[in-house]
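**Student:** Below is the file start32.txt, which contains compact mmCIF, N, CA and C atoms.
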# COMPACT_ATOMS: atom_id res chain seq x y z
N MET A 163 64.16 105.52 114.60
CA MET A 163 63.58 105.64 113.29
C MET A 163 62.10 105.35 113.40
N ILE A 164 61.31 106.11 112.69
CA ILE A 164 59.86 105.94 112.70
C ILE A 164 59.43 105.36 111.37
N ASN A 165 58.72 104.26 111.40
CA ASN A 165 58.16 103.68 110.19
C ASN A 165 56.71 104.11 110.08
N THR A 166 56.37 104.72 108.97
CA THR A 166 55.01 105.18 108.77
C THR A 166 54.55 104.79 107.37
N THR A 167 53.26 104.87 107.15
CA THR A 167 52.73 104.67 105.82
C THR A 167 52.05 105.96 105.40
N SER A 168 52.01 106.18 104.11
CA SER A 168 51.46 107.41 103.59
C SER A 168 50.86 107.13 102.21
N LYS A 169 49.89 107.95 101.83
CA LYS A 169 49.33 107.86 100.48
C LYS A 169 50.20 108.61 99.48
N HIS A 170 51.14 109.40 99.99
CA HIS A 170 52.05 110.16 99.12
C HIS A 170 53.05 109.20 98.49
N PRO A 171 53.42 109.40 97.21
CA PRO A 171 54.36 108.47 96.57
C PRO A 171 55.77 108.54 97.14
N PHE A 172 56.11 109.57 97.91
CA PHE A 172 57.42 109.71 98.51
C PHE A 172 57.28 109.80 100.02
N ASN A 173 58.27 109.31 100.77
CA ASN A 173 58.33 109.54 102.20
C ASN A 173 59.09 110.84 102.42
N LEU A 174 58.37 111.89 102.74
CA LEU A 174 58.95 113.23 102.82
C LEU A 174 59.46 113.55 104.21
N TYR A 175 60.40 114.50 104.28
CA TYR A 175 60.81 115.07 105.55
C TYR A 175 60.89 116.58 105.36
N TYR A 176 60.95 117.28 106.48
CA TYR A 176 60.98 118.74 106.46
C TYR A 176 61.84 119.22 107.63
N ASN A 177 62.90 119.95 107.34
CA ASN A 177 63.72 120.60 108.36
C ASN A 177 63.51 122.09 108.20
N ALA A 178 63.18 122.78 109.29
CA ALA A 178 62.87 124.19 109.17
C ALA A 178 63.43 125.00 110.33
N GLY A 179 64.05 126.09 109.99
CA GLY A 179 64.39 127.13 110.95
C GLY A 179 63.42 128.27 110.71
N GLU A 180 63.68 129.40 111.32
CA GLU A 180 62.82 130.57 111.11
C GLU A 180 62.86 131.03 109.66
N TYR A 181 64.02 130.91 109.01
CA TYR A 181 64.19 131.42 107.66
C TYR A 181 64.31 130.33 106.60
N VAL A 182 65.17 129.36 106.81
CA VAL A 182 65.47 128.35 105.79
C VAL A 182 64.64 127.09 106.03
N LYS A 183 64.12 126.55 104.95
CA LYS A 183 63.34 125.32 104.97
C LYS A 183 63.98 124.32 104.01
N ILE A 184 64.12 123.06 104.45
CA ILE A 184 64.68 121.99 103.62
C ILE A 184 63.60 120.92 103.50
N CYS A 185 63.23 120.59 102.27
CA CYS A 185 62.17 119.61 102.05
C CYS A 185 62.64 118.61 101.00
N GLY A 186 62.68 117.33 101.38
CA GLY A 186 63.11 116.28 100.47
C GLY A 186 62.49 114.96 100.87
N THR A 187 63.09 113.87 100.36
CA THR A 187 62.60 112.54 100.68
C THR A 187 63.58 111.83 101.60
N GLN A 188 63.09 110.84 102.31
CA GLN A 188 63.88 110.17 103.32
C GLN A 188 65.01 109.31 102.76
N ASP A 189 65.07 109.15 101.44
CA ASP A 189 66.22 108.47 100.83
C ASP A 189 67.34 109.46 100.52
N GLY A 190 67.16 110.73 100.92
CA GLY A 190 68.18 111.74 100.74
C GLY A 190 68.09 112.50 99.43
N TYR A 191 67.09 112.24 98.64
CA TYR A 191 66.93 112.91 97.35
C TYR A 191 65.94 114.07 97.45
N PHE A 192 65.81 114.79 96.36
CA PHE A 192 64.92 115.95 96.28
C PHE A 192 64.13 115.87 94.97
N PRO A 193 63.17 114.95 94.89
CA PRO A 193 62.42 114.80 93.64
C PRO A 193 61.46 115.98 93.41
N ASP A 194 61.01 116.08 92.17
CA ASP A 194 60.02 117.10 91.84
C ASP A 194 58.67 116.68 92.41
N PHE A 195 58.10 117.50 93.27
CA PHE A 195 56.77 117.25 93.80
C PHE A 195 56.20 118.59 94.27
N GLY A 196 54.92 118.58 94.57
CA GLY A 196 54.29 119.76 95.13
C GLY A 196 53.11 120.22 94.33
N HIS A 197 52.19 120.88 95.03
CA HIS A 197 51.02 121.41 94.35
C HIS A 197 50.91 122.93 94.50
N HIS A 198 51.50 123.53 95.54
CA HIS A 198 51.46 124.99 95.67
C HIS A 198 52.20 125.64 94.50
N VAL A 199 53.38 125.15 94.24
CA VAL A 199 54.14 125.50 93.04
C VAL A 199 54.42 124.16 92.38
N ALA A 200 53.74 123.86 91.29
CA ALA A 200 53.76 122.52 90.70
C ALA A 200 55.18 122.00 90.50
N ASN A 201 55.45 120.84 91.12
CA ASN A 201 56.72 120.13 91.00
C ASN A 201 57.95 120.93 91.40
N GLU A 202 57.78 121.91 92.27
CA GLU A 202 58.91 122.74 92.70
C GLU A 202 59.02 122.87 94.21
N MET A 203 58.35 122.04 94.99
CA MET A 203 58.35 122.23 96.43
C MET A 203 59.58 121.64 97.12
N GLY A 204 60.21 120.63 96.54
CA GLY A 204 61.41 120.04 97.13
C GLY A 204 62.61 120.94 96.97
N GLY A 205 63.53 120.86 97.93
CA GLY A 205 64.76 121.64 97.83
C GLY A 205 65.00 122.46 99.08
N VAL A 206 65.81 123.50 98.92
CA VAL A 206 66.18 124.38 100.02
C VAL A 206 65.61 125.77 99.72
N TRP A 207 64.81 126.27 100.65
CA TRP A 207 64.09 127.53 100.47
C TRP A 207 64.48 128.57 101.52
N LEU A 208 64.60 129.79 101.08
CA LEU A 208 64.63 130.98 101.93
C LEU A 208 63.45 131.80 101.41
N HIS A 209 62.27 131.48 101.94
CA HIS A 209 61.01 131.97 101.39
C HIS A 209 61.06 133.48 101.13
N PRO A 210 60.63 133.92 99.95
CA PRO A 210 59.96 133.20 98.86
C PRO A 210 60.92 132.68 97.79
N ILE A 211 62.22 132.62 98.07
CA ILE A 211 63.21 132.24 97.07
C ILE A 211 63.63 130.79 97.27
N LYS A 212 63.62 130.03 96.19
CA LYS A 212 64.15 128.67 96.22
C LYS A 212 65.65 128.78 95.94
N LEU A 213 66.46 128.44 96.96
CA LEU A 213 67.91 128.56 96.83
C LEU A 213 68.53 127.42 96.03
N LEU A 214 68.08 126.19 96.31
CA LEU A 214 68.62 125.00 95.65
C LEU A 214 67.50 124.02 95.32
N ASP A 215 67.62 123.34 94.20
CA ASP A 215 66.71 122.23 93.91
C ASP A 215 67.01 121.06 94.83
N GLY A 216 68.19 121.04 95.43
CA GLY A 216 68.63 119.99 96.33
C GLY A 216 70.13 119.88 96.26
N PHE A 217 70.67 118.85 96.89
CA PHE A 217 72.10 118.56 96.79
C PHE A 217 72.28 117.05 96.87
N TRP A 218 73.27 116.54 96.15
CA TRP A 218 73.48 115.11 96.01
C TRP A 218 74.97 114.83 96.08
N LEU A 219 75.35 113.70 96.64
CA LEU A 219 76.74 113.29 96.74
C LEU A 219 76.99 112.11 95.81
N LYS A 220 77.96 112.28 94.90
CA LYS A 220 78.38 111.19 94.01
C LYS A 220 79.69 110.64 94.56
N VAL A 221 79.75 109.31 94.71
CA VAL A 221 80.93 108.64 95.25
C VAL A 221 81.51 107.75 94.15
N THR A 222 82.81 107.91 93.88
CA THR A 222 83.49 107.08 92.89
C THR A 222 84.66 106.37 93.54
N ASP A 223 84.69 105.04 93.40
CA ASP A 223 85.84 104.23 93.81
C ASP A 223 86.83 104.30 92.65
N MET A 224 87.93 105.01 92.86
CA MET A 224 88.88 105.28 91.78
C MET A 224 89.59 104.01 91.29
N ASP A 225 89.78 103.02 92.14
CA ASP A 225 90.50 101.81 91.74
C ASP A 225 89.62 100.84 90.95
N ARG A 226 88.33 100.85 91.21
CA ARG A 226 87.43 99.91 90.53
C ARG A 226 86.50 100.60 89.54
N SER A 227 86.61 101.92 89.40
CA SER A 227 85.78 102.70 88.47
C SER A 227 84.29 102.46 88.68
N ILE A 228 83.88 102.45 89.96
CA ILE A 228 82.47 102.34 90.32
C ILE A 228 82.01 103.71 90.79
N SER A 229 80.95 104.24 90.19
CA SER A 229 80.38 105.52 90.60
C SER A 229 78.92 105.34 90.96
N VAL A 230 78.50 105.97 92.06
CA VAL A 230 77.09 105.92 92.46
C VAL A 230 76.68 107.27 93.02
N TRP A 231 75.43 107.63 92.78
CA TRP A 231 74.82 108.76 93.48
C TRP A 231 74.24 108.17 94.75
N SER A 232 74.70 108.63 95.88
CA SER A 232 74.33 108.00 97.15
C SER A 232 72.83 108.10 97.41
N ARG A 233 72.26 106.98 97.86
CA ARG A 233 70.84 106.90 98.24
C ARG A 233 70.78 106.33 99.64
N ALA A 234 70.10 107.02 100.54
CA ALA A 234 70.07 106.64 101.96
C ALA A 234 69.33 105.34 102.19
N ASP A 235 69.88 104.53 103.10
CA ASP A 235 69.25 103.28 103.52
C ASP A 235 68.35 103.52 104.73
N ALA A 236 68.67 104.54 105.52
CA ALA A 236 67.90 104.81 106.74
C ALA A 236 67.83 106.32 106.97
N PHE A 237 66.76 106.74 107.59
CA PHE A 237 66.51 108.15 107.89
C PHE A 237 66.05 108.25 109.33
N THR A 238 66.56 109.26 110.03
CA THR A 238 66.11 109.53 111.38
C THR A 238 65.77 111.01 111.49
N ASN A 239 64.56 111.28 111.96
CA ASN A 239 64.15 112.66 112.20
C ASN A 239 64.50 112.99 113.64
N GLU A 240 65.39 113.95 113.83
CA GLU A 240 65.85 114.36 115.15
C GLU A 240 65.11 115.63 115.56
N SER A 241 65.20 116.02 116.82
CA SER A 241 64.56 117.26 117.27
C SER A 241 65.24 118.48 116.66
N TRP A 242 66.49 118.35 116.26
CA TRP A 242 67.27 119.47 115.73
C TRP A 242 67.43 119.44 114.22
N GLY A 243 67.09 118.33 113.57
CA GLY A 243 67.27 118.18 112.12
C GLY A 243 67.08 116.74 111.70
N SER A 244 67.93 116.25 110.80
CA SER A 244 67.79 114.89 110.27
C SER A 244 69.15 114.23 110.09
N THR A 245 69.15 112.88 110.15
CA THR A 245 70.32 112.12 109.79
C THR A 245 69.94 111.09 108.75
N PHE A 246 70.86 110.84 107.84
CA PHE A 246 70.69 109.87 106.77
C PHE A 246 71.87 108.91 106.84
N ASP A 247 71.60 107.61 106.75
CA ASP A 247 72.66 106.60 106.76
C ASP A 247 72.72 105.94 105.39
N TYR A 248 73.95 105.87 104.85
CA TYR A 248 74.20 105.29 103.54
C TYR A 248 75.15 104.12 103.69
N GLY A 249 74.94 103.07 102.98
CA GLY A 249 75.82 101.90 103.02
C GLY A 249 75.45 100.96 101.89
N HIS A 250 74.29 100.34 102.00
CA HIS A 250 73.85 99.37 100.99
C HIS A 250 73.61 100.04 99.64
N GLY A 251 73.24 101.31 99.64
CA GLY A 251 72.97 102.02 98.39
C GLY A 251 74.22 102.52 97.69
N LEU A 252 75.41 102.09 98.17
CA LEU A 252 76.66 102.54 97.57
C LEU A 252 77.31 101.46 96.70
N SER A 253 76.51 100.58 96.15
CA SER A 253 76.97 99.50 95.29
C SER A 253 77.98 98.64 96.04
N HIS A 254 79.13 98.37 95.45
CA HIS A 254 80.13 97.51 96.08
C HIS A 254 81.28 98.33 96.68
N ILE A 255 81.06 99.59 96.94
CA ILE A 255 82.08 100.43 97.56
C ILE A 255 82.04 100.18 99.07
N PRO A 256 83.14 99.74 99.69
CA PRO A 256 83.13 99.40 101.12
C PRO A 256 83.16 100.65 102.00
N LEU A 257 82.02 101.31 102.07
CA LEU A 257 81.95 102.61 102.71
C LEU A 257 80.58 102.79 103.37
N ASN A 258 80.58 103.37 104.54
CA ASN A 258 79.34 103.84 105.17
C ASN A 258 79.44 105.34 105.30
N ILE A 259 78.33 106.01 105.08
CA ILE A 259 78.28 107.47 105.17
C ILE A 259 77.13 107.85 106.07
N LYS A 260 77.35 108.84 106.92
CA LYS A 260 76.28 109.42 107.72
C LYS A 260 76.21 110.91 107.36
N ARG A 261 75.03 111.34 106.93
CA ARG A 261 74.80 112.75 106.61
C ARG A 261 73.94 113.34 107.72
N THR A 262 74.34 114.47 108.24
CA THR A 262 73.52 115.21 109.19
C THR A 262 73.21 116.56 108.58
N GLN A 263 72.02 117.05 108.86
CA GLN A 263 71.65 118.37 108.34
C GLN A 263 70.63 119.03 109.25
N PHE A 264 70.66 120.35 109.25
CA PHE A 264 69.67 121.12 109.99
C PHE A 264 69.66 122.55 109.47
N ALA A 265 68.59 123.25 109.79
CA ALA A 265 68.44 124.67 109.48
C ALA A 265 68.42 125.40 110.82
N PRO A 266 69.49 126.14 111.15
CA PRO A 266 69.53 126.85 112.45
C PRO A 266 68.34 127.79 112.59
N GLU A 267 67.84 127.91 113.80
CA GLU A 267 66.60 128.64 114.06
C GLU A 267 66.61 130.08 113.55
N LEU A 268 67.61 130.85 113.87
CA LEU A 268 67.59 132.27 113.52
C LEU A 268 68.68 132.66 112.52
N ALA A 269 69.11 131.72 111.68
CA ALA A 269 70.14 132.00 110.69
C ALA A 269 69.59 131.81 109.28
N LYS A 270 70.08 132.59 108.36
CA LYS A 270 69.67 132.47 106.96
C LYS A 270 70.63 131.54 106.24
N GLY A 271 70.63 130.29 106.67
CA GLY A 271 71.49 129.27 106.09
C GLY A 271 71.12 127.90 106.62
N MET A 272 71.89 126.92 106.20
CA MET A 272 71.68 125.54 106.63
C MET A 272 73.04 124.88 106.78
N VAL A 273 73.08 123.75 107.48
CA VAL A 273 74.31 122.99 107.68
C VAL A 273 74.06 121.56 107.23
N ALA A 274 74.97 121.04 106.42
CA ALA A 274 74.94 119.63 106.03
C ALA A 274 76.37 119.11 106.16
N GLY A 275 76.51 117.97 106.83
CA GLY A 275 77.83 117.37 107.01
C GLY A 275 77.80 115.90 106.65
N TYR A 276 78.92 115.41 106.12
CA TYR A 276 79.05 114.01 105.76
C TYR A 276 80.22 113.40 106.54
N LYS A 277 79.99 112.25 107.15
CA LYS A 277 81.03 111.51 107.85
C LYS A 277 81.19 110.17 107.15
N LEU A 278 82.41 109.86 106.68
CA LEU A 278 82.68 108.66 105.92
C LEU A 278 83.45 107.66 106.77
N HIS A 279 83.09 106.36 106.63
CA HIS A 279 83.76 105.29 107.37
C HIS A 279 84.06 104.15 106.41
N HIS A 280 85.36 103.88 106.21
CA HIS A 280 85.81 102.77 105.36
C HIS A 280 85.57 101.47 106.12
N THR A 281 84.87 100.51 105.54
CA THR A 281 84.43 99.31 106.26
C THR A 281 85.35 98.11 106.09
N ARG A 282 86.43 98.24 105.34
CA ARG A 282 87.35 97.11 105.17
C ARG A 282 88.77 97.56 105.44
N GLN A 283 89.69 96.61 105.40
CA GLN A 283 91.11 96.91 105.56
C GLN A 283 91.69 97.39 104.23
N GLY A 284 92.80 98.09 104.30
CA GLY A 284 93.48 98.52 103.09
C GLY A 284 93.08 99.92 102.67
N GLU A 285 93.65 100.31 101.58
CA GLU A 285 93.46 101.66 101.06
C GLU A 285 92.19 101.75 100.22
N LEU A 286 91.53 102.88 100.30
CA LEU A 286 90.34 103.14 99.49
C LEU A 286 90.50 104.55 98.91
N ARG A 287 90.63 104.60 97.59
CA ARG A 287 90.78 105.91 96.93
C ARG A 287 89.42 106.31 96.36
N LEU A 288 88.92 107.45 96.85
CA LEU A 288 87.59 107.91 96.43
C LEU A 288 87.67 109.27 95.77
N LYS A 289 86.69 109.51 94.94
CA LYS A 289 86.43 110.84 94.40
C LYS A 289 85.02 111.18 94.84
N LEU A 290 84.85 112.32 95.53
CA LEU A 290 83.54 112.75 96.00
C LEU A 290 83.14 114.00 95.24
N GLU A 291 81.93 114.02 94.75
CA GLU A 291 81.40 115.18 94.03
C GLU A 291 80.07 115.58 94.65
N LEU A 292 79.97 116.83 95.03
CA LEU A 292 78.72 117.35 95.59
C LEU A 292 78.06 118.21 94.54
N LEU A 293 76.89 117.80 94.14
CA LEU A 293 76.12 118.57 93.15
C LEU A 293 75.05 119.32 93.89
Starting from the coordinates I provided, produce the structure as structure tokens.
**Tutor:**
Amino acid sequence: MINTTSKHPFNLYYNAGEYVKICGTQDGYFPDFGHHVANEMGGVWLHPIKLLDGFWLKVTDMDRSISVWSRADAFTNESWGSTFDYGHGLSHIPLNIKRTQFAPELAKGMVAGYKLHHTRQGELRLKLELL
């Protein structure tokens, strides 16, 4: 993980293949920012078309009725894409999540995967929603 400082209000990342570009913040969100197209630069692009404003994972613990929109605790920029680690930002849900994503070099698409790890003993009933 690289710790940097910036004058920008967000810590941004950029994953790019030849066709698809993914631009968001290191907490896993896609806030409104940008000056080329005012407040529209974040998200998933197949230039000149913006495909998605972003994507977000909502996690609900069905037994305790706790719902959270996941926010990454750690970000790693890899040579092939990015990884996001979630745990502390999931309230009191005993769960760790690792998100990996990349834009393949010569494909008009992107890949995002989530790996979930239950951190305690016993059953955990979840509802996952991808927006």
**Student:** Per DSSP on the backbone, filter chain A down to the residues in strand (DSSP E or B) and report them as a short mmCIF file (atom, residue, chain, number, x, y, z; two decimals) with N, CA and C atoms, in the coordinates of the input.
**Tutor:**
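Full text of part14.cif as output:
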data_model
loop_
_atom_site.label_atom_id
_atom_site.label_comp_id
_atom_site.auth_asym_id
_atom_site.auth_seq_id
_atom_site.Cartn_x
_atom_site.Cartn_y
_atom_site.Cartn_z
N LEU A 174 58.37 111.89 102.74
CA LEU A 174 58.95 113.23 102.82
C LEU A 174 59.46 113.55 104.21
N TYR A 175 60.40 114.50 104.28
CA TYR A 175 60.81 115.07 105.55
C TYR A 175 60.89 116.58 105.36
N TYR A 176 60.95 117.28 106.48
CA TYR A 176 60.98 118.74 106.46
C TYR A 176 61.84 119.22 107.63
N ASN A 177 62.90 119.95 107.34
CA ASN A 177 63.72 120.60 108.36
C ASN A 177 63.51 122.09 108.20
N ALA A 178 63.18 122.78 109.29
CA ALA A 178 62.87 124.19 109.17
C ALA A 178 63.43 125.00 110.33
N VAL A 182 65.17 129.36 106.81
CA VAL A 182 65.47 128.35 105.79
C VAL A 182 64.64 127.09 106.03
N LYS A 183 64.12 126.55 104.95
CA LYS A 183 63.34 125.32 104.97
C LYS A 183 63.98 124.32 104.01
N ILE A 184 64.12 123.06 104.45
CA ILE A 184 64.68 121.99 103.62
C ILE A 184 63.60 120.92 103.50
N CYS A 185 63.23 120.59 102.27
CA CYS A 185 62.17 119.61 102.05
C CYS A 185 62.64 118.61 101.00
N GLY A 186 62.68 117.33 101.38
CA GLY A 186 63.11 116.28 100.47
C GLY A 186 62.49 114.96 100.87
N THR A 187 63.09 113.87 100.36
CA THR A 187 62.60 112.54 100.68
C THR A 187 63.58 111.83 101.60
N GLY A 205 63.53 120.86 97.93
CA GLY A 205 64.76 121.64 97.83
C GLY A 205 65.00 122.46 99.08
N VAL A 206 65.81 123.50 98.92
CA VAL A 206 66.18 124.38 100.02
C VAL A 206 65.61 125.77 99.72
N TRP A 207 64.81 126.27 100.65
CA TRP A 207 64.09 127.53 100.47
C TRP A 207 64.48 128.57 101.52
N LEU A 208 64.60 129.79 101.08
CA LEU A 208 64.63 130.98 101.93
C LEU A 208 63.45 131.80 101.41
N ILE A 211 62.22 132.62 98.07
CA ILE A 211 63.21 132.24 97.07
C ILE A 211 63.63 130.79 97.27
N LYS A 212 63.62 130.03 96.19
CA LYS A 212 64.15 128.67 96.22
C LYS A 212 65.65 128.78 95.94
N LEU A 213 66.46 128.44 96.96
CA LEU A 213 67.91 128.56 96.83
C LEU A 213 68.53 127.42 96.03
N LEU A 214 68.08 126.19 96.31
CA LEU A 214 68.62 125.00 95.65
C LEU A 214 67.50 124.02 95.32
N LEU A 219 75.35 113.70 96.64
CA LEU A 219 76.74 113.29 96.74
C LEU A 219 76.99 112.11 95.81
N LYS A 220 77.96 112.28 94.90
CA LYS A 220 78.38 111.19 94.01
C LYS A 220 79.69 110.64 94.56
N VAL A 221 79.75 109.31 94.71
CA VAL A 221 80.93 108.64 95.25
C VAL A 221 81.51 107.75 94.15
N THR A 222 82.81 107.91 93.88
CA THR A 222 83.49 107.08 92.89
C THR A 222 84.66 106.37 93.54
N ASP A 223 84.69 105.04 93.40
CA ASP A 223 85.84 104.23 93.81
C ASP A 223 86.83 104.30 92.65
N ILE A 228 83.88 102.45 89.96
CA ILE A 228 82.47 102.34 90.32
C ILE A 228 82.01 103.71 90.79
N SER A 229 80.95 104.24 90.19
CA SER A 229 80.38 105.52 90.60
C SER A 229 78.92 105.34 90.96
N VAL A 230 78.50 105.97 92.06
CA VAL A 230 77.09 105.92 92.46
C VAL A 230 76.68 107.27 93.02
N TRP A 231 75.43 107.63 92.78
CA TRP A 231 74.82 108.76 93.48
C TRP A 231 74.24 108.17 94.75
N ALA A 236 68.67 104.54 105.52
CA ALA A 236 67.90 104.81 106.74
C ALA A 236 67.83 106.32 106.97
N PHE A 237 66.76 106.74 107.59
CA PHE A 237 66.51 108.15 107.89
C PHE A 237 66.05 108.25 109.33
N THR A 238 66.56 109.26 110.03
CA THR A 238 66.11 109.53 111.38
C THR A 238 65.77 111.01 111.49
N ASN A 239 64.56 111.28 111.96
CA ASN A 239 64.15 112.66 112.20
C ASN A 239 64.50 112.99 113.64
N SER A 244 67.93 116.25 110.80
CA SER A 244 67.79 114.89 110.27
C SER A 244 69.15 114.23 110.09
N THR A 245 69.15 112.88 110.15
CA THR A 245 70.32 112.12 109.79
C THR A 245 69.94 111.09 108.75
N PHE A 246 70.86 110.84 107.84
CA PHE A 246 70.69 109.87 106.77
C PHE A 246 71.87 108.91 106.84
N ASP A 247 71.60 107.61 106.75
CA ASP A 247 72.66 106.60 106.76
C ASP A 247 72.72 105.94 105.39
N TYR A 248 73.95 105.87 104.85
CA TYR A 248 74.20 105.29 103.54
C TYR A 248 75.15 104.12 103.69
N LEU A 257 82.02 101.31 102.07
CA LEU A 257 81.95 102.61 102.71
C LEU A 257 80.58 102.79 103.37
N ASN A 258 80.58 103.37 104.54
CA ASN A 258 79.34 103.84 105.17
C ASN A 258 79.44 105.34 105.30
N ILE A 259 78.33 106.01 105.08
CA ILE A 259 78.28 107.47 105.17
C ILE A 259 77.13 107.85 106.07
N LYS A 260 77.35 108.84 106.92
CA LYS A 260 76.28 109.42 107.72
C LYS A 260 76.21 110.91 107.36
N ARG A 261 75.03 111.34 106.93
CA ARG A 261 74.80 112.75 106.61
C ARG A 261 73.94 113.34 107.72
N THR A 262 74.34 114.47 108.24
CA THR A 262 73.52 115.21 109.19
C THR A 262 73.21 116.56 108.58
N GLN A 263 72.02 117.05 108.86
CA GLN A 263 71.65 118.37 108.34
C GLN A 263 70.63 119.03 109.25
N PHE A 264 70.66 120.35 109.25
CA PHE A 264 69.67 121.12 109.99
C PHE A 264 69.66 122.55 109.47
N VAL A 273 73.08 123.75 107.48
CA VAL A 273 74.31 122.99 107.68
C VAL A 273 74.06 121.56 107.23
N ALA A 274 74.97 121.04 106.42
CA ALA A 274 74.94 119.63 106.03
C ALA A 274 76.37 119.11 106.16
N GLY A 275 76.51 117.97 106.83
CA GLY A 275 77.83 117.37 107.01
C GLY A 275 77.80 115.90 106.65
N TYR A 276 78.92 115.41 106.12
CA TYR A 276 79.05 114.01 105.76
C TYR A 276 80.22 113.40 106.54
N LYS A 277 79.99 112.25 107.15
CA LYS A 277 81.03 111.51 107.85
C LYS A 277 81.19 110.17 107.15
N LEU A 278 82.41 109.86 106.68
CA LEU A 278 82.68 108.66 105.92
C LEU A 278 83.45 107.66 106.77
N HIS A 279 83.09 106.36 106.63
CA HIS A 279 83.76 105.29 107.37
C HIS A 279 84.06 104.15 106.41
N HIS A 280 85.36 103.88 106.21
CA HIS A 280 85.81 102.77 105.36
C HIS A 280 85.57 101.47 106.12
N LEU A 288 88.92 107.45 96.85
CA LEU A 288 87.59 107.91 96.43
C LEU A 288 87.67 109.27 95.77
N LYS A 289 86.69 109.51 94.94
CA LYS A 289 86.43 110.84 94.40
C LYS A 289 85.02 111.18 94.84
N LEU A 290 84.85 112.32 95.53
CA LEU A 290 83.54 112.75 96.00
C LEU A 290 83.14 114.00 95.24
N GLU A 291 81.93 114.02 94.75
CA GLU A 291 81.40 115.18 94.03
C GLU A 291 80.07 115.58 94.65
N LEU A 292 79.97 116.83 95.03
CA LEU A 292 78.72 117.35 95.59
C LEU A 292 78.06 118.21 94.54
#
**Student:** Could you list, as a VMD selection string, every residue within 8 Å of range 247-256 of chain A, counting only C-alpha atoms and ignoring same-chain residues fewer than 4 positions away?
**Tutor:** chain A and resid 221 223 228 230 to 237 260 to 261 280 to 282
**Student:** When distances are computed from only C-alpha atoms, which of A:Ser241, A:Thr222, A:Asn258, A:Gln283 shows the smallest separation from Gly179 in chain A?
**Tutor:** A:Ser241
**Student:** Using all atoms listed in the file, find the one residue out of A:His279, A:Arg226, A:Lys183, A:Lys289 that sits nearest to Gly204 in chain A.
**Tutor:**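 Closest to Gly204 in chain A of all the choices is A:Lys183.
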**Student:** Can you tell me how far CA of Phe264 in chain A sits from CA of Gly196 in chain A, in Å to one decimal?
**Tutor:** 21.4 Å
**Student:** What does the distance between CA of Asn177 in chain A and CA of Ser229 in chain A come to in Å, to one decimal place?
**Tutor:**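 One can read the CA of Asn177 in chain A to CA of Ser229 in chain A distance as 28.6 Å.
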**Student:** Kindly give the distance, in Å, that separates atom N of Leu290 in chain A and CA of Ala269 in chain A, rounded to a single decimal.
**Tutor:**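 Going from atom N of Leu290 in chain A over to CA of Ala269 in chain A, I get 28.9 Å.
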**Student:** Output: range 220-232 of chain A of the preceding structure, restricted to N, CA and C atoms, written as an mmCIF file, in the first residue's frame.
**Tutor:**
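Contents of result.cif, freshly written:
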data_model
loop_
_atom_site.group_PDB
_atom_site.id
_atom_site.type_symbol
_atom_site.label_atom_id
_atom_site.label_comp_id
_atom_site.auth_asym_id
_atom_site.auth_seq_id
_atom_site.Cartn_x
_atom_site.Cartn_y
_atom_site.Cartn_z
ATOM 1 N N LYS A 220 -24.035 -3.210 -0.879
ATOM 2 C CA LYS A 220 -24.734 -3.035 0.399
ATOM 3 C C LYS A 220 -24.797 -4.398 1.076
ATOM 4 N N VAL A 221 -24.384 -4.440 2.348
ATOM 5 C CA VAL A 221 -24.364 -5.680 3.123
ATOM 6 C C VAL A 221 -25.358 -5.542 4.270
ATOM 7 N N THR A 222 -26.264 -6.527 4.389
ATOM 8 C CA THR A 222 -27.237 -6.536 5.476
ATOM 9 C C THR A 222 -27.095 -7.825 6.268
ATOM 10 N N ASP A 223 -26.921 -7.685 7.590
ATOM 11 C CA ASP A 223 -26.955 -8.826 8.509
ATOM 12 C C ASP A 223 -28.429 -9.072 8.801
ATOM 13 N N MET A 224 -28.959 -10.172 8.278
ATOM 14 C CA MET A 224 -30.393 -10.441 8.364
ATOM 15 C C MET A 224 -30.867 -10.705 9.797
ATOM 16 N N ASP A 225 -30.012 -11.239 10.658
ATOM 17 C CA ASP A 225 -30.419 -11.557 12.027
ATOM 18 C C ASP A 225 -30.431 -10.337 12.934
ATOM 19 N N ARG A 226 -29.577 -9.370 12.661
ATOM 20 C CA ARG A 226 -29.493 -8.186 13.521
ATOM 21 C C ARG A 226 -30.023 -6.928 12.845
ATOM 22 N N SER A 227 -30.505 -7.040 11.610
ATOM 23 C CA SER A 227 -31.061 -5.904 10.865
ATOM 24 C C SER A 227 -30.092 -4.727 10.790
ATOM 25 N N ILE A 228 -28.817 -5.036 10.516
ATOM 26 C CA ILE A 228 -27.799 -4.009 10.315
ATOM 27 C C ILE A 228 -27.489 -3.961 8.830
ATOM 28 N N SER A 229 -27.600 -2.777 8.227
ATOM 29 C CA SER A 229 -27.270 -2.589 6.811
ATOM 30 C C SER A 229 -26.212 -1.514 6.677
ATOM 31 N N VAL A 230 -25.226 -1.772 5.810
ATOM 32 C CA VAL A 230 -24.191 -0.775 5.542
ATOM 33 C C VAL A 230 -23.828 -0.808 4.068
ATOM 34 N N TRP A 231 -23.501 0.359 3.528
ATOM 35 C CA TRP A 231 -22.877 0.444 2.212
ATOM 36 C C TRP A 231 -21.389 0.320 2.477
ATOM 37 N N SER A 232 -20.769 -0.691 1.929
ATOM 38 C CA SER A 232 -19.374 -0.990 2.259
ATOM 39 C C SER A 232 -18.452 0.151 1.854
#
